[in-house]
>>> print(open('target-v8.csv').read())   # CSV, C-alpha atoms and all ligand atoms
chain,number,residue,atom,x,y,z
A,21,MET,CA,11.0,-15.4,-1.4
A,22,GLU,CA,11.1,-15.0,-5.2
A,23,TYR,CA,7.6,-14.7,-6.8
A,24,GLY,CA,6.6,-15.2,-10.4
A,25,PHE,CA,3.9,-13.2,-12.2
A,26,THR,CA,2.3,-16.2,-14.0
A,27,GLU,CA,-0.6,-18.4,-13.3
A,28,GLU,CA,1.7,-21.4,-13.5
A,29,PHE,CA,3.7,-20.0,-10.5
A,30,ALA,CA,0.5,-19.5,-8.5
A,31,ARG,CA,-0.7,-23.0,-9.2
A,32,GLU,CA,2.6,-24.5,-8.3
A,33,MET,CA,2.5,-22.6,-4.9
A,34,ASP,CA,-1.0,-24.0,-4.3
A,35,GLN,CA,0.4,-27.5,-5.0
A,36,GLN,CA,3.1,-27.1,-2.4
A,37,ASP,CA,0.8,-25.6,0.2
A,38,PRO,CA,0.7,-28.0,3.2
A,39,LEU,CA,-2.7,-26.5,4.1
A,40,LYS,CA,-4.3,-26.8,0.6
A,41,GLU,CA,-6.9,-29.3,1.6
A,42,MET,CA,-8.3,-26.9,4.2
A,43,ARG,CA,-9.7,-24.7,1.4
A,44,ASN,CA,-12.3,-27.4,0.7
A,45,GLU,CA,-13.8,-27.0,4.2
A,46,TYR,CA,-15.4,-23.6,3.4
A,47,LEU,CA,-18.3,-22.5,1.2
A,48,PHE,CA,-17.5,-19.9,-1.4
A,49,PRO,CA,-20.0,-17.5,-3.0
A,50,GLN,CA,-20.4,-18.3,-6.7
A,51,HIS,CA,-19.8,-16.0,-9.6
A,52,ASN,CA,-20.3,-17.3,-13.2
A,53,GLY,CA,-20.4,-20.8,-11.9
A,54,ARG,CA,-17.1,-20.6,-10.1
A,55,ASP,CA,-15.9,-19.9,-6.5
A,56,VAL,CA,-15.2,-16.2,-6.2
A,57,LEU,CA,-11.7,-15.0,-5.3
A,58,TYR,CA,-12.5,-13.9,-1.8
A,59,PHE,CA,-10.5,-11.1,-0.4
A,60,CYS,CA,-12.9,-10.0,2.4
A,61,GLY,CA,-12.0,-12.5,5.2
A,62,ASN,CA,-10.9,-9.5,7.3
A,63,SER,CA,-14.5,-8.3,7.2
A,64,LEU,CA,-16.5,-11.6,7.2
A,65,GLY,CA,-14.8,-14.9,7.0
A,66,LEU,CA,-16.4,-17.7,4.8
A,67,GLN,CA,-18.8,-20.3,6.2
A,68,PRO,CA,-17.2,-23.5,7.3
A,69,LYS,CA,-19.0,-26.5,5.7
A,70,GLY,CA,-19.6,-28.0,9.2
A,71,ALA,CA,-21.6,-25.0,10.5
A,72,ALA,CA,-25.0,-26.1,9.4
A,73,ALA,CA,-24.7,-29.6,11.0
A,74,SER,CA,-23.4,-28.0,14.2
A,75,VAL,CA,-26.4,-25.7,14.5
A,76,LYS,CA,-28.8,-28.5,13.5
A,77,GLN,CA,-27.4,-30.5,16.4
A,78,GLU,CA,-28.5,-27.9,18.9
A,79,LEU,CA,-32.0,-27.5,17.2
A,80,ASP,CA,-32.4,-31.3,17.3
A,81,ASP,CA,-31.3,-31.4,21.0
A,82,TRP,CA,-33.7,-28.6,21.8
A,83,ALA,CA,-36.6,-30.5,20.1
A,84,GLU,CA,-35.7,-33.7,21.8
A,85,PHE,CA,-34.9,-32.6,25.3
A,86,GLY,CA,-36.5,-29.2,25.8
A,87,VAL,CA,-35.1,-27.6,29.0
A,88,GLU,CA,-33.2,-30.8,29.9
A,89,GLY,CA,-30.9,-30.0,27.0
A,90,HIS,CA,-28.9,-27.9,29.5
A,91,PHE,CA,-27.7,-31.2,30.8
A,92,ASP,CA,-28.6,-33.9,28.3
A,93,ALA,CA,-27.7,-32.3,25.0
A,94,LYS,CA,-24.7,-33.8,23.2
A,95,ARG,CA,-22.9,-30.6,24.2
A,96,PRO,CA,-24.7,-29.7,27.4
A,97,TRP,CA,-25.8,-26.0,27.3
A,98,TYR,CA,-25.1,-25.1,30.9
A,99,ALA,CA,-21.3,-25.4,30.3
A,100,TYR,CA,-21.4,-24.6,26.6
A,101,HIS,CA,-18.8,-21.9,26.8
A,102,GLU,CA,-16.3,-24.4,28.1
A,103,PHE,CA,-16.1,-26.1,24.7
A,104,PHE,CA,-14.1,-23.1,23.4
A,105,ALA,CA,-11.5,-22.6,26.0
A,106,ASP,CA,-8.9,-25.0,24.7
A,107,SER,CA,-9.1,-23.9,21.1
A,108,LEU,CA,-9.2,-20.2,21.9
A,109,ALA,CA,-6.3,-20.6,24.3
A,110,ARG,CA,-4.2,-22.1,21.5
A,111,ILE,CA,-5.2,-19.4,19.0
A,112,VAL,CA,-4.3,-16.4,21.3
A,113,GLY,CA,-1.4,-18.0,23.3
A,114,ALA,CA,-3.1,-18.3,26.7
A,115,SER,CA,-4.1,-20.9,29.2
A,116,PRO,CA,-7.7,-22.2,29.0
A,117,ALA,CA,-8.6,-20.4,32.2
A,118,GLU,CA,-7.6,-17.0,30.7
A,119,VAL,CA,-10.1,-17.0,27.8
A,120,VAL,CA,-13.8,-17.1,27.5
A,121,ALA,CA,-16.3,-16.9,24.5
A,122,MET,CA,-19.0,-14.4,25.3
A,123,ASN,CA,-21.1,-11.4,24.0
A,124,GLY,CA,-20.1,-9.2,21.1
A,125,LEU,CA,-16.8,-7.3,20.7
A,126,THR,CA,-17.9,-3.8,21.6
A,127,THR,CA,-20.0,-5.2,24.6
A,128,ASN,CA,-16.8,-6.9,25.8
A,129,ILE,CA,-14.8,-3.7,25.4
A,130,HIS,CA,-17.2,-2.0,27.8
A,131,ILE,CA,-17.4,-5.0,30.2
A,132,MET,CA,-13.7,-5.3,30.4
A,133,MET,CA,-13.0,-1.6,30.7
A,134,THR,CA,-15.3,-1.5,33.6
A,135,SER,CA,-12.7,-3.6,35.4
A,136,PHE,CA,-9.5,-2.4,33.7
A,137,TYR,CA,-10.1,1.3,33.3
A,138,ARG,CA,-10.2,2.6,36.9
A,139,PRO,CA,-9.1,6.3,36.7
A,140,GLU,CA,-7.8,7.5,40.0
A,141,GLY,CA,-6.3,10.9,41.0
A,142,SER,CA,-4.2,12.1,38.1
A,143,ARG,CA,-3.9,8.7,36.5
A,144,THR,CA,-6.8,9.0,34.1
A,145,LYS,CA,-5.5,8.9,30.5
A,146,ILE,CA,-6.2,6.3,27.9
A,147,LEU,CA,-3.8,6.0,25.0
A,148,CYS,CA,-5.1,4.7,21.7
A,149,GLU,CA,-4.0,4.7,18.0
A,150,ALA,CA,-5.4,7.5,15.8
A,151,LYS,CA,-8.0,6.1,13.3
A,152,ALA,CA,-9.1,3.4,15.7
A,153,PHE,CA,-12.2,1.6,14.6
A,154,PRO,CA,-15.3,3.9,15.2
A,155,SER,CA,-16.9,1.5,17.6
A,156,ASP,CA,-13.8,1.5,19.8
A,157,GLN,CA,-13.7,5.3,19.7
A,158,SER,CA,-17.3,5.4,20.9
A,159,ALA,CA,-16.5,2.9,23.6
A,160,LEU,CA,-13.6,5.0,24.9
A,161,ASP,CA,-15.5,8.2,24.7
A,162,THR,CA,-18.4,6.9,26.7
A,163,GLN,CA,-16.2,5.1,29.2
A,164,ALA,CA,-14.6,8.4,30.0
A,165,ARG,CA,-18.0,10.0,30.5
A,166,ILE,CA,-19.1,7.2,32.8
A,167,HIS,CA,-16.3,8.3,35.1
A,168,GLY,CA,-17.4,11.9,34.9
A,169,LEU,CA,-14.4,12.7,32.8
A,170,ASP,CA,-14.1,14.8,29.6
A,171,PRO,CA,-13.0,12.5,26.7
A,172,ALA,CA,-11.1,15.4,25.2
A,173,ASP,CA,-9.0,15.5,28.4
A,174,VAL,CA,-8.3,11.8,28.9
A,175,ILE,CA,-8.2,10.2,25.4
A,176,VAL,CA,-4.8,10.6,23.9
A,177,GLU,CA,-4.2,9.4,20.3
A,178,VAL,CA,-0.9,8.5,18.7
A,179,GLY,CA,-1.0,8.8,15.0
A,180,PRO,CA,1.2,8.7,11.9
A,181,ARG,CA,3.6,11.6,11.4
A,182,GLU,CA,2.8,14.1,8.7
A,183,ASP,CA,2.7,12.5,5.2
A,184,GLU,CA,3.0,9.0,6.7
A,185,HIS,CA,0.3,6.3,6.9
A,186,LEU,CA,1.7,4.2,9.8
A,187,VAL,CA,2.3,4.8,13.4
A,188,ARG,CA,6.0,4.5,14.4
A,189,HIS,CA,6.6,2.1,17.3
A,190,GLU,CA,9.1,4.6,18.8
A,191,ASP,CA,6.3,7.2,18.8
A,192,VAL,CA,4.0,4.9,20.8
A,193,LEU,CA,6.7,4.3,23.3
A,194,ALA,CA,7.6,8.0,23.6
A,195,LYS,CA,3.9,8.8,24.2
A,196,ILE,CA,3.7,6.2,26.9
A,197,ASP,CA,6.8,7.6,28.6
A,198,GLU,CA,5.5,11.2,28.2
A,199,LEU,CA,2.2,10.3,29.9
A,200,GLY,CA,3.9,8.4,32.6
A,201,ASP,CA,1.9,8.3,35.8
A,202,GLU,CA,-1.0,10.0,34.2
A,203,LEU,CA,-1.5,6.9,32.0
A,204,ALA,CA,-4.2,4.5,33.2
A,205,LEU,CA,-4.7,2.3,30.2
A,206,VAL,CA,-3.3,1.6,26.8
A,207,MET,CA,-6.2,0.5,24.5
A,208,MET,CA,-5.1,-0.2,21.0
A,209,GLY,CA,-5.8,-2.5,18.1
A,210,GLY,CA,-3.3,-5.4,17.8
A,211,VAL,CA,-3.6,-4.9,14.0
A,212,ASN,CA,-5.1,-1.6,12.8
A,213,TYR,CA,-8.2,-2.3,10.8
A,214,TYR,CA,-7.5,0.3,8.2
A,215,SER,CA,-3.8,0.2,7.5
A,216,GLY,CA,-3.3,-3.5,8.5
A,217,GLN,CA,-0.3,-2.4,10.6
A,218,LEU,CA,0.6,-4.9,13.3
A,219,PHE,CA,1.7,-3.3,16.5
A,220,ASP,CA,4.5,-4.7,18.7
A,221,MET,CA,2.2,-5.8,21.5
A,222,GLN,CA,4.9,-7.1,23.7
A,223,GLY,CA,7.0,-3.9,23.5
A,224,ILE,CA,4.0,-1.7,24.1
A,225,THR,CA,2.9,-3.9,27.1
A,226,SER,CA,6.3,-3.7,28.8
A,227,ALA,CA,6.6,0.0,28.2
A,228,ALA,CA,3.1,0.6,29.7
A,229,HIS,CA,3.8,-1.6,32.7
A,230,ALA,CA,7.0,0.3,33.3
A,231,VAL,CA,4.9,3.5,33.9
A,232,GLY,CA,2.3,1.6,36.0
A,233,ALA,CA,-0.4,1.4,33.3
A,234,LEU,CA,-2.5,-1.5,32.2
A,235,VAL,CA,-2.8,-2.7,28.6
A,236,CYS,CA,-5.8,-3.8,26.6
A,237,PHE,CA,-5.7,-4.9,22.9
A,238,ASP,CA,-8.6,-5.1,20.6
A,239,LEU,CA,-7.7,-8.1,18.5
A,240,ALA,CA,-10.6,-8.0,16.0
A,241,HIS,CA,-8.0,-8.0,13.1
A,242,ALA,CA,-5.3,-10.0,14.9
A,243,VAL,CA,-7.1,-13.1,16.2
A,244,GLY,CA,-6.8,-16.0,13.7
A,245,ASN,CA,-4.3,-13.9,11.7
A,246,ILE,CA,-1.3,-13.3,14.0
A,247,ASP,CA,0.5,-15.9,16.1
A,248,LEU,CA,-0.4,-14.3,19.4
A,249,LYS,CA,1.3,-15.0,22.7
A,250,LEU,CA,-0.9,-13.0,25.0
A,251,HIS,CA,0.1,-14.7,28.2
A,252,ASP,CA,3.8,-14.6,27.6
A,253,TRP,CA,3.7,-11.0,26.4
A,254,ASP,CA,2.1,-10.2,29.7
A,255,VAL,CA,-0.9,-8.4,28.2
A,256,ASP,CA,-3.5,-7.6,30.9
A,257,VAL,CA,-6.7,-7.9,28.9
A,258,ALA,CA,-7.8,-8.4,25.3
A,259,MET,CA,-11.0,-9.0,23.3
A,260,TRP,CA,-11.9,-9.9,19.7
A,261,CYS,CA,-14.8,-10.8,17.5
A,262,SER,CA,-15.2,-14.2,15.8
A,263,TYR,CA,-16.7,-13.3,12.4
A,264,LYS,CA,-13.5,-12.0,10.7
A,265,TYR,CA,-10.5,-14.3,10.6
A,266,LEU,CA,-12.3,-16.8,12.9
A,267,ASN,CA,-15.1,-17.4,10.3
A,268,SER,CA,-17.8,-17.9,12.8
A,269,GLY,CA,-20.6,-16.0,11.1
A,270,PRO,CA,-22.1,-12.5,11.2
A,271,GLY,CA,-22.4,-11.1,14.7
A,272,SER,CA,-21.3,-14.4,16.2
A,273,VAL,CA,-20.1,-14.8,19.8
A,274,ALA,CA,-16.9,-12.8,20.6
A,275,GLY,CA,-14.1,-13.6,23.1
A,276,VAL,CA,-12.0,-12.2,25.9
A,277,PHE,CA,-8.6,-12.8,27.4
A,278,VAL,CA,-7.8,-11.9,31.0
A,279,HIS,CA,-4.3,-12.5,32.2
A,280,GLU,CA,-4.4,-15.0,35.1
A,281,ARG,CA,-3.0,-12.6,37.6
A,282,HIS,CA,-6.2,-10.5,37.1
A,283,ALA,CA,-8.5,-13.5,36.5
A,284,ASN,CA,-7.5,-14.9,39.9
A,285,ASN,CA,-8.5,-11.7,41.6
A,286,THR,CA,-12.2,-12.2,42.4
A,287,ASP,CA,-12.2,-8.9,44.2
A,288,MET,CA,-11.8,-7.0,40.9
A,289,ILE,CA,-14.6,-4.5,40.2
A,290,ARG,CA,-16.9,-5.8,37.5
A,291,PHE,CA,-20.4,-6.2,36.3
A,292,GLY,CA,-21.8,-9.4,37.7
A,293,GLY,CA,-24.2,-12.0,36.3
A,294,TRP,CA,-25.2,-15.6,37.1
A,295,TRP,CA,-22.9,-17.1,34.4
A,296,GLY,CA,-19.9,-15.6,36.0
A,297,HIS,CA,-20.8,-17.1,39.3
A,298,ASP,CA,-19.2,-20.3,40.5
A,299,LYS,CA,-20.6,-23.0,38.3
A,300,VAL,CA,-21.0,-25.6,41.0
A,301,GLU,CA,-23.2,-23.3,43.0
A,302,ARG,CA,-25.0,-21.5,40.1
A,303,PHE,CA,-28.2,-23.5,40.2
A,304,LYS,CA,-28.6,-23.1,44.0
A,305,MET,CA,-29.9,-19.7,42.9
A,306,GLU,CA,-28.5,-17.8,45.9
A,307,PRO,CA,-28.4,-14.1,45.7
A,308,GLU,CA,-24.6,-13.7,46.6
A,309,PHE,CA,-22.2,-13.2,43.6
A,310,ARG,CA,-19.0,-15.2,43.8
A,311,PRO,CA,-17.2,-14.9,40.5
A,312,MET,CA,-15.1,-17.8,39.1
A,313,PRO,CA,-11.4,-17.2,39.4
A,314,THR,CA,-10.9,-17.4,35.6
A,315,ALA,CA,-11.9,-15.3,32.6
A,316,GLU,CA,-15.3,-17.0,33.0
A,317,GLY,CA,-15.9,-14.7,36.0
A,318,TRP,CA,-16.8,-11.9,33.6
A,319,GLN,CA,-19.7,-13.8,32.0
A,320,LEU,CA,-23.1,-12.3,32.5
A,321,SER,CA,-25.7,-14.4,30.6
A,322,ASN,CA,-26.1,-18.0,29.7
A,323,ALA,CA,-24.4,-19.1,26.5
A,324,PRO,CA,-25.9,-18.1,23.1
A,325,VAL,CA,-25.8,-21.7,21.9
A,326,PHE,CA,-26.8,-21.2,18.2
A,327,SER,CA,-24.0,-18.7,17.4
A,328,MET,CA,-21.6,-20.7,19.5
A,329,ALA,CA,-22.5,-23.8,17.5
A,330,VAL,CA,-21.1,-22.1,14.4
A,331,HIS,CA,-18.1,-20.9,16.3
A,332,ARG,CA,-17.4,-24.4,17.4
A,333,ALA,CA,-17.5,-25.7,13.8
A,334,ALA,CA,-15.1,-22.9,12.8
A,335,LEU,CA,-12.7,-23.6,15.6
A,336,ASP,CA,-12.7,-27.4,14.7
A,337,LEU,CA,-10.8,-26.3,11.6
A,338,PHE,CA,-8.3,-24.2,13.6
A,339,ASP,CA,-7.8,-27.3,15.8
A,340,ARG,CA,-6.5,-29.2,12.7
A,341,THR,CA,-3.6,-26.7,12.2
A,342,SER,CA,-1.7,-24.2,14.3
A,343,MET,CA,-1.3,-20.4,14.3
A,344,ALA,CA,2.3,-20.9,13.4
A,345,GLU,CA,1.4,-22.8,10.2
A,346,LEU,CA,-1.4,-20.3,9.3
A,347,ARG,CA,1.0,-17.4,9.8
A,348,THR,CA,3.5,-19.0,7.5
A,349,LYS,CA,0.8,-19.4,4.8
A,350,GLY,CA,-0.5,-15.9,5.5
A,351,GLU,CA,2.9,-14.3,5.0
A,352,LYS,CA,3.3,-16.1,1.6
A,353,LEU,CA,-0.1,-15.3,0.3
A,354,THR,CA,0.1,-11.7,1.5
A,355,GLY,CA,3.6,-11.3,0.0
A,356,TYR,CA,2.4,-12.7,-3.3
A,357,PHE,CA,-0.7,-10.4,-3.4
A,358,GLU,CA,1.6,-7.4,-2.7
A,359,PHE,CA,3.9,-8.5,-5.5
A,360,VAL,CA,1.0,-8.8,-8.0
A,361,VAL,CA,-0.5,-5.4,-7.0
A,362,ASP,CA,2.9,-3.9,-7.6
A,363,GLN,CA,3.2,-5.6,-11.0
A,364,VAL,CA,-0.2,-4.4,-12.1
A,365,SER,CA,0.4,-0.9,-10.8
A,366,GLU,CA,3.7,-0.7,-12.8
A,367,ALA,CA,2.0,-1.9,-16.0
A,368,ASN,CA,-0.9,0.6,-15.8
A,369,GLU,CA,-0.2,4.2,-16.5
A,370,GLY,CA,-2.8,6.6,-15.1
A,371,MET,CA,-3.9,4.3,-12.3
A,372,SER,CA,-1.6,3.6,-9.5
A,373,PHE,CA,-2.1,1.5,-6.5
A,374,GLU,CA,-0.4,2.7,-3.4
A,375,ILE,CA,0.0,0.1,-0.7
A,376,ILE,CA,-0.2,1.7,2.7
A,377,THR,CA,0.2,-1.5,4.7
A,378,PRO,CA,3.7,-2.0,6.0
A,379,ARG,CA,6.1,-3.6,3.5
A,380,GLU,CA,7.8,-5.7,6.2
A,381,PRO,CA,6.0,-9.0,6.7
A,382,GLU,CA,6.6,-8.8,10.5
A,383,GLN,CA,4.8,-5.5,10.7
A,384,ARG,CA,1.5,-6.7,9.2
A,385,GLY,CA,-1.0,-9.6,9.2
A,386,CYS,CA,-2.6,-10.9,6.1
A,387,GLN,CA,-4.2,-7.7,4.9
A,388,ILE,CA,-3.0,-5.3,2.2
A,389,SER,CA,-4.7,-1.9,2.2
A,390,ILE,CA,-4.5,-0.1,-1.1
A,391,LEU,CA,-5.1,3.5,-2.1
A,392,ALA,CA,-6.4,3.4,-5.6
A,393,HIS,CA,-5.4,6.8,-6.9
A,394,GLY,CA,-7.8,8.1,-9.5
A,395,ALA,CA,-10.2,5.2,-9.0
A,396,GLY,CA,-11.4,5.3,-5.4
A,397,ARG,CA,-14.7,3.8,-4.5
A,398,GLU,CA,-17.5,6.2,-3.6
A,399,PRO,CA,-18.8,5.7,-0.1
A,400,VAL,CA,-21.7,3.3,-0.1
A,401,SER,CA,-25.1,4.7,0.9
A,402,TYR,CA,-28.0,2.5,2.0
B,1,LIG,C1,-14.8,-5.3,13.4
B,1,LIG,C2,-14.4,-4.5,14.6
B,1,LIG,C3,-15.4,-4.1,15.5
B,1,LIG,C4,-16.8,-4.5,15.4
B,1,LIG,O1,-17.4,-4.5,16.7
B,1,LIG,P1,-18.7,-5.4,17.0
B,1,LIG,O2,-19.0,-5.1,18.4
B,1,LIG,O3,-18.3,-6.8,16.7
B,1,LIG,O4,-19.8,-5.0,16.0
B,1,LIG,C5,-14.9,-3.3,16.6
B,1,LIG,N1,-13.6,-2.9,16.7
B,1,LIG,C6,-12.7,-3.3,15.8
B,1,LIG,C7,-11.3,-2.8,15.9
B,1,LIG,C8,-13.1,-4.0,14.7
B,1,LIG,O5,-12.2,-4.4,13.7
>>> encode(input="target-v8.csv", output="structure tokens")
Amino acid sequence: MEYGFTEEFAREMDQQDPLKEMRNEYLFPQHNGRDVLYFCGNSLGLQPKGAAASVKQELDDWAEFGVEGHFDAKRPWYAYHEFFADSLARIVGASPAEVVAMNGLTTNIHIMMTSFYRPEGSRTKILCEAKAFPSDQSALDTQARIHGLDPADVIVEVGPREDEHLVRHEDVLAKIDELGDELALVMMGGVNYYSGQLFDMQGITSAAHAVGALVCFDLAHAVGNIDLKLHDWDVDVAMWCSYKYLNSGPGSVAGVFVHERHANNTDMIRFGGWWGHDKVERFKMEPEFRPMPTAEGWQLSNAPVFSMAVHRAALDLFDRTSMAELRTKGEKLTGYFEFVVDQVSEANEGMSFEIITPREPEQRGCQISILAHGAGREPVSY
């Protein structure tokens, strides 16, 4: 695509954008009386205009029905998580039975690793990318310790080669092969939060399965950004948060994917809780735990309705389009931003912007990470 470095060109692109009306569905912070140019959707997505009414609906139903809201609310609370399955399934490329909205992201890493990281004999290793998000590193470290293992022995990182910023796909595959039957789990980001590099999840999954390991992806920066096909790629398990590209508000409810071949397996080791129990029998309040044969079988607590109400309003907007359309737009916007940064960098001596995100659109999402040589930001202190 040929880009032009003029405001006219940018406005013309906006005019041609088939999704241009969607922009009006979000609330933008104001600066000098105008919408800010918002480049932080990978950290916290903007508020959908429908969010407030969606939360108010739950407050009103609570006021009107009290405890009967579990059954009489417009969206009955006892099955509230079910209102997300269809939308999430479309967003991550799964069947509705393979996804569930629950908890927070790091909580879900722990809950799912309890089932999917089962070190046995010499098969104990976890492969992850270097510079994974700190919370993921803490999760892996403490998961190893829970099993009485030394994190330094079992966590293997694959990083960029010297003087490079990105991890080469061939190096990930070589590491998987090298670890072979010592590899228990590959646990990586789908898109690295720092570099914006998109990993070949399908390739990594088939390589890991070939040596008998399971595969888990943290999709914090991939969900709502990449056109995912988790079921077809044969990924074992994945999790994400909803407040980045899914625009569902700070700390809002997260989500999980479990491939149906595992979800069906109700014998799988897991933490149990009443919301994972067979719904039909849940309110009989019997002590025995029989998990549902779907991703819902990993739920612990009843649904956090208020954060989910925002999540619902956010996903209503995703329901009006498709990940394929969003990806097409994402590639254009990201490509244009890259072009503009390069133009500015060329025009300014003494300050250069180095883009560390892959230059190839198929190896990135809609994030461009820049090293601002000579003008770096000081770390924020609180
Ligand atoms: C944003 C992000 C998190 C944040 O974890 P929370 O449990 O939602 O606070 C964790 N991991 C990755 C890779 C992230 O990008």
>>> residues_around(input="target-v8.csv", residues="A:His185", least_positions_apart="6", cutoff="10 Å", atoms="all atoms listed in the file", output="ChimeraX atom specification")
/A:179,214-215,217,375-378
>>> atom_distance(input="target-v8.csv", atom1="atom CA of A:Ser226", atom2="atom CA of A:Thr127")
26.7 Å
>>> residues_near_ligand(input="target-v8.csv", ligand="ligand LIG 1 (chain B)", cutoff="8 Å", atoms="all atoms listed in the file", output="PyMOL selection string")
chain A and resi 63+124-128+152-156+209+212-213+238-241+260-261+263-264+271+274
>>> residues_near_point(input="target-v8.csv", point="(-5.4, 0.0, -0.2)", cutoff="7 Å", atoms="all atoms listed in the file", output="PDB file with C-alpha atoms, in the coordinates of the input")
ATOM      1  CA  GLU A 374      -0.400   2.700  -3.400  1.00  0.00           C
ATOM      2  CA  ILE A 375       0.000   0.100  -0.700  1.00  0.00           C
ATOM      3  CA  ILE A 376      -0.200   1.700   2.700  1.00  0.00           C
ATOM      4  CA  ILE A 388      -3.000  -5.300   2.200  1.00  0.00           C
ATOM      5  CA  SER A 389      -4.700  -1.900   2.200  1.00  0.00           C
ATOM      6  CA  ILE A 390      -4.500  -0.100  -1.100  1.00  0.00           C
ATOM      7  CA  LEU A 391      -5.100   3.500  -2.100  1.00  0.00           C
ATOM      8  CA  ALA A 392      -6.400   3.400  -5.600  1.00  0.00           C
TER       9      ALA A 392
END
>>> residues_around(input="target-v8.csv", residues="A:Ser342", least_positions_apart="3", cutoff="12 Å", atoms="all atoms listed in the file", output="list in words")
Pro38, Leu39, Ser107, Leu108, Ala109, Arg110, Ile111, Val112, Gly113, Gly244, Asn245, Ile246, Asp247, Leu248, Leu335, Asp336, Leu337, Phe338, Asp339, Glu345, Leu346, Arg347, Thr348 and Lys349 of chain A
>>> atom_distance(input="target-v8.csv", atom1="atom CA of A:Leu320", atom2="atom CA of A:Ile131")
9.5 Å
>>> closest_residue(input="target-v8.csv", among="A:Asn52, A:Ser135, A:Thr26, A:Gln67", to="A:Tyr265", atoms="all atoms listed in the file")
A:Gln67
